[in-house]
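Colleague: Hey, dropping input13.txt in here, compact mmCIF, C-alpha atoms:
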```txt
# COMPACT_ATOMS: atom_id res chain seq x y z
CA ARG E 26 79.23 130.96 93.53
CA ALA E 27 82.17 130.57 95.94
CA ARG E 28 79.99 131.86 98.80
CA LEU E 29 77.21 129.40 97.88
CA VAL E 30 79.67 126.50 97.92
CA GLN E 31 81.14 127.65 101.26
CA ASP E 32 77.65 127.83 102.79
CA ARG E 33 76.71 124.32 101.65
CA PHE E 34 79.90 122.24 101.77
CA HIS E 35 82.47 122.03 104.55
CA LEU E 36 85.60 119.85 104.39
CA ASP E 37 86.77 118.66 107.82
CA ALA E 38 89.61 116.35 106.81
CA PRO E 39 91.27 115.23 110.08
CA ALA E 40 89.97 112.07 111.73
CA TRP E 41 87.84 112.29 114.88
CA PHE E 42 89.68 113.00 118.13
CA ARG E 43 92.96 113.76 116.34
CA ASP E 44 94.35 117.24 115.84
CA ALA E 45 95.43 118.24 112.36
CA ASP E 46 99.13 118.68 111.62
CA PRO E 47 100.38 122.25 112.09
CA VAL E 48 101.22 123.50 108.58
CA PRO E 49 102.42 127.11 108.93
CA HIS E 50 104.08 127.04 105.49
CA LEU E 51 101.15 125.57 103.55
CA ALA E 52 100.16 128.87 101.90
CA GLU E 53 103.74 129.54 100.73
CA VAL E 54 104.06 126.02 99.37
CA ALA E 55 100.70 126.24 97.59
CA ARG E 56 101.70 129.53 95.95
CA ALA E 57 104.99 127.99 94.76
CA VAL E 58 103.07 125.01 93.32
CA TRP E 59 100.67 127.31 91.50
CA GLU E 60 103.33 129.68 90.15
CA GLN E 61 105.99 126.99 89.50
CA ARG E 62 108.56 128.67 91.72
CA THR E 63 111.62 126.92 93.11
CA LEU E 64 111.69 126.60 96.90
CA ARG E 65 114.60 126.32 99.28
CA ALA E 66 113.26 124.16 102.11
CA GLU E 67 114.58 122.94 105.44
CA TYR E 68 112.97 119.57 106.17
CA ARG E 69 112.99 117.29 109.20
CA ARG E 70 112.97 113.63 108.19
CA TRP E 71 111.06 111.00 110.22
CA SER E 72 114.42 110.01 111.78
CA GLY E 73 114.89 113.56 113.11
CA GLU E 74 117.67 114.37 110.63
CA LEU E 75 117.54 117.86 109.08
CA ARG E 76 117.92 118.33 105.32
CA LEU E 77 118.20 121.49 103.21
CA ARG E 78 117.04 121.12 99.61
CA GLU E 79 115.97 123.15 96.62
CA LEU E 80 112.66 121.78 95.39
CA HIS E 81 110.44 122.04 92.35
CA PRO E 82 106.98 121.80 93.98
CA LEU E 83 104.70 119.85 91.63
CA GLY E 84 101.56 119.33 93.70
CA LEU E 85 99.85 119.04 97.08
CA VAL E 86 97.94 116.02 98.36
CA LEU E 87 95.61 115.90 101.37
CA LYS E 88 95.55 112.34 102.71
CA GLY E 89 93.76 111.44 105.95
CA GLY E 90 93.92 115.03 107.17
CA ILE E 91 97.67 115.30 106.47
CA TRP E 92 99.16 117.53 103.76
CA TYR E 93 101.94 116.16 101.54
CA LEU E 94 104.07 117.97 98.97
CA VAL E 95 105.16 116.12 95.84
CA ALA E 96 108.28 117.81 94.53
CA GLY E 97 111.25 117.22 92.29
CA VAL E 98 114.77 117.99 93.48
CA ALA E 99 116.18 121.06 91.73
CA SER E 100 119.39 119.18 90.89
CA GLY E 101 117.29 116.87 88.73
CA ALA E 102 118.43 113.75 90.56
CA GLY E 103 115.84 111.00 90.76
CA SER E 104 112.08 111.01 90.44
CA PRO E 105 109.75 113.31 92.42
CA ARG E 106 109.63 112.67 96.17
CA THR E 107 106.99 113.17 98.84
CA TYR E 108 107.42 115.51 101.82
CA ARG E 109 105.07 115.90 104.78
CA VAL E 110 104.27 119.62 104.87
CA SER E 111 104.21 119.76 108.68
CA ARG E 112 107.90 118.74 108.67
CA LEU E 113 108.93 121.75 106.61
CA LEU E 114 110.68 123.95 109.17
CA ALA E 115 111.39 126.83 106.80
CA VAL E 116 110.70 127.62 103.14
CA ALA E 117 111.80 130.49 100.92
CA GLU E 118 111.49 131.19 97.23
CA THR E 119 114.82 131.25 95.42
CA GLY E 120 113.56 133.68 92.78
CA GLY E 121 113.76 131.05 90.06
CA THR E 122 111.03 129.13 88.26
CA PHE E 123 110.95 125.64 86.76
CA GLU E 124 109.21 123.68 84.03
CA ARG E 125 106.94 120.81 85.06
CA PRO E 126 108.03 117.39 83.75
CA ALA E 127 106.25 116.59 80.51
CA GLY E 128 103.28 114.33 81.10
CA PHE E 129 103.50 114.43 84.91
CA ASP E 130 100.20 113.25 86.43
CA LEU E 131 99.90 114.03 90.14
CA ALA E 132 97.08 111.55 90.85
CA ALA E 133 98.83 108.72 89.00
CA HIS E 134 102.14 109.49 90.72
CA TRP E 135 100.49 109.49 94.15
CA GLU E 136 98.70 106.20 93.53
CA GLU E 137 101.90 104.50 92.39
CA SER E 138 104.06 105.87 95.22
CA SER E 139 101.38 104.93 97.78
CA ARG E 140 101.33 101.39 96.41
CA ARG E 141 105.12 101.16 96.65
CA LEU E 142 105.09 102.47 100.23
CA GLU E 143 102.40 100.00 101.31
CA SER E 144 104.34 97.11 99.75
CA ALA E 145 107.52 98.21 101.53
CA LEU E 146 105.79 98.57 104.91
CA HIS E 147 103.53 95.52 104.88
CA GLN E 148 106.03 92.69 104.50
CA GLU E 149 104.45 90.17 106.89
CA THR E 150 101.06 88.48 107.02
CA ALA E 151 99.31 87.78 110.32
CA LEU E 152 96.75 84.99 110.64
CA LEU E 153 94.04 86.19 112.99
CA ARG E 154 90.87 84.83 114.52
CA ILE E 155 88.53 87.77 115.07
CA SER E 156 85.12 88.35 116.64
CA PRO E 157 82.10 89.92 114.90
CA ARG E 158 82.97 93.24 116.57
CA ALA E 159 86.56 93.07 115.33
CA GLN E 160 85.23 92.42 111.85
CA ARG E 161 83.57 95.83 112.00
CA LEU E 162 86.69 97.46 113.44
CA LEU E 163 89.22 95.99 110.99
CA PRO E 164 88.63 98.39 108.05
CA MET E 165 88.53 101.40 110.39
CA GLN E 166 91.75 100.52 112.21
CA PHE E 167 93.76 99.02 109.34
CA GLY E 168 92.33 100.76 106.26
CA ALA E 169 92.65 99.00 102.90
CA PRO E 170 94.63 96.00 104.27
CA GLY E 171 91.83 95.42 106.80
CA ALA E 172 89.16 95.57 104.10
CA ARG E 173 91.11 93.12 101.92
CA ALA E 174 91.53 90.76 104.87
CA LEU E 175 87.77 90.67 105.41
CA GLU E 176 87.13 89.95 101.74
CA GLY E 177 89.16 86.74 102.08
CA ALA E 178 87.75 85.72 105.47
CA GLY E 179 86.92 82.10 106.15
CA ALA E 180 83.51 80.80 107.16
CA PRO E 181 82.30 81.96 110.60
CA ASP E 182 82.24 79.49 113.48
CA ALA E 183 79.31 78.97 115.85
CA GLU E 184 80.14 82.24 117.68
CA GLY E 185 80.59 84.26 114.49
CA TRP E 186 84.39 84.42 114.70
CA VAL E 187 86.32 84.15 111.42
CA GLU E 188 89.93 83.63 110.38
CA VAL E 189 91.58 86.32 108.24
CA GLU E 190 95.02 86.99 106.78
CA LEU E 191 96.07 90.60 107.47
CA SER E 192 99.09 92.37 105.98
CA VAL E 193 101.02 93.99 108.81
CA GLU E 194 104.15 96.09 109.27
CA ALA E 195 107.34 95.10 111.06
CA ARG E 196 106.80 92.99 114.17
CA ALA E 197 107.38 95.78 116.69
CA VAL E 198 104.74 97.92 114.95
CA ALA E 199 102.37 95.00 114.31
CA VAL E 200 102.22 94.07 118.01
CA GLY E 201 100.97 97.52 118.98
CA ASP E 202 98.52 97.63 116.08
CA LEU E 203 97.04 94.21 116.88
CA LEU E 204 96.71 94.97 120.59
CA ARG E 205 94.27 97.74 119.62
CA LEU E 206 91.77 94.97 118.86
CA GLY E 207 91.99 93.86 122.49
CA PRO E 208 90.13 90.65 123.39
CA GLU E 209 88.27 90.71 120.06
CA ALA E 210 91.18 89.04 118.23
CA GLU E 211 93.60 86.16 118.61
CA VAL E 212 96.88 85.97 116.69
CA LEU E 213 97.24 82.43 115.32
CA GLY E 214 100.47 82.99 113.39
CA PRO E 215 103.23 83.37 112.51
CA PRO E 216 104.52 81.82 115.77
CA GLU E 217 107.00 84.65 116.36
CA LEU E 218 104.28 87.30 116.10
CA ARG E 219 101.93 85.31 118.35
CA ALA E 220 104.73 84.99 120.93
CA ALA E 221 105.48 88.71 120.75
CA VAL E 222 101.81 89.62 121.31
CA ALA E 223 101.57 87.08 124.17
CA GLU E 224 104.65 88.60 125.79
CA ALA E 225 103.17 92.10 125.58
CA VAL E 226 99.87 90.89 127.02
CA GLY E 227 101.76 89.17 129.86
CA VAL E 228 103.59 92.36 130.72
CA LEU E 229 100.30 94.26 130.80
CA ALA E 230 98.60 91.60 132.93
CA ALA E 231 101.43 91.64 135.47
CA ARG E 232 101.41 95.42 135.61
CA TYR E 233 97.67 95.65 136.24
CA ALA E 234 97.76 92.82 138.78
CA ARG E 235 99.84 95.04 141.08
CA GLN E 236 98.16 97.56 143.33
CA PRO E 237 98.99 101.11 142.20
CA ALA E 238 101.29 103.08 144.45
CA PRO E 239 99.45 105.44 146.83
```
Would you encode the structure as structure tokens?

Modeller:
Amino acid sequence: RARLVQDRFHLDAPAWFRDADPVPHLAEVARAVWEQRTLRAEYRRWSGELRLRELHPLGLVLKGGIWYLVAGVASGAGSPRTYRVSRLLAVAETGGTFERPAGFDLAAHWEESSRRLESALHQETALLRISPRAQRLLPMQFGAPGARALEGAGAPDAEGWVEVELSVEARAVAVGDLLRLGPEAEVLGPPELRAAVAEAVGVLAARYARQPAP
């Protein structure tokens, strides 16, 4: 049966034109999840800081081609946390085992933590005027926030452009994200975000107006 499934279904999780994260310790982590074994893990945070922790690995999640480990801290402090598996620099079993928290539901935990993360990241709303092409691009480039923005879009004008309200991250991140829409979008507000995008566009225009060095 396993061979039949392998011959008929193939999971290629990473997005097009993007390499998957290197996860050399995935098999060790998966075994610890399955056998409820405590792991001693060296982890590099997004800031570059190194941490050494003893973890109770509760489950693995594959999201957008990226593997995440949901694990409790062996000291028992706080609720389970999420670790990107590619940032695990070293893992080793301690020889001990652990009991899973009573009633722990991996899917429910992931949904709730994802919702909290999105709320923490998307703290500003951009008012955009976007072309028909950008309307097709919005869900692909911005995921669920892009789809929600389209659901609340205003009526199209004579050229098919619509106004949408899009949840975006901090201004420095939002400028780069919105520039990916190129000439298919105009930022109408807030004024500070519009000014930041205009400044970035001005820098690009000046750079490309110069002749490249021989």

Colleague: So the first atom is CA of Ala133 (chain E) and the second is CA of Asp44 (chain E); what is the distance between them in Å, to one decimal place?

Modeller: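 Value for the CA of Ala133 (chain E)-CA of Asp44 (chain E) distance: 28.5 Å.
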
Colleague: Compile the contact shell of Val110 (chain E) as a PyMOL selection string: residues with an atom at most 8 Å away, counting all atoms listed in the file, same-chain residues fewer than 2 positions apart removed.

Modeller: chain E and resi 48+50-51+92-94+108+112-113

Colleague: So which residues fall inside 12 Å of (102.0, 127.7, 102.8) if we count only C-alpha atoms? Mind giving them as a ChimeraX atom specification?

Modeller: /E:47-59,64,66,82,85,92-94,110-111,113-118

Colleague: What gap, in Å, lies between CA of Ala38 (chain E) and CA of Gly89 (chain E)?

Modeller: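 Interatomic distance, CA of Ala38 (chain E) to CA of Gly89 (chain E): 6.5 Å.
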
Colleague: CA of Val222 (chain E) to CA of Val200 (chain E): how many Å, to one decimal?

Modeller: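 CA of Val200 (chain E) lies 5.6 Å from CA of Val222 (chain E).
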
Colleague: Which is closer to Pro181 (chain E) than all the others in E:Ala199, E:Leu206, E:Ala27, E:Ile155, using only C-alpha atoms?

Modeller: E:Ile155

Colleague: Find the residues near Glu188 (chain E): any atom within 7 Å, counting only C-alpha atoms, skip ones fewer than 6 places away on the same chain, and give them as a VMD selection string.

Modeller: chain E and resid 152 to 155 178 to 179

Colleague: Identify which of the residues E:Asp130, E:Glu149, E:Glu176, E:Glu184 lies closest to Leu218 (chain E), counting only C-alpha atoms when measuring atom-to-atom distances.

Modeller: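 Of E:Asp130, E:Glu149, E:Glu176, E:Glu184, the one nearest Leu218 (chain E) is E:Glu149, counting only C-alpha atoms.
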
Colleague: For Ala197 (chain E), work out the shell of residues within 12 Å, counting all atoms listed in the file and skipping chain neighbours fewer than 2 positions away, then give it as a list of chain:residue names.

Modeller: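 Once the adjacent positions are removed, what remains is E:Glu149, E:Val193, E:Glu194, E:Ala195, E:Ala199, E:Val200, E:Gly201, E:Asp202, E:Leu203, E:Leu204, E:Glu217, E:Leu218, E:Arg219, E:Ala220, E:Ala221, E:Val222, E:Glu224, E:Ala225.
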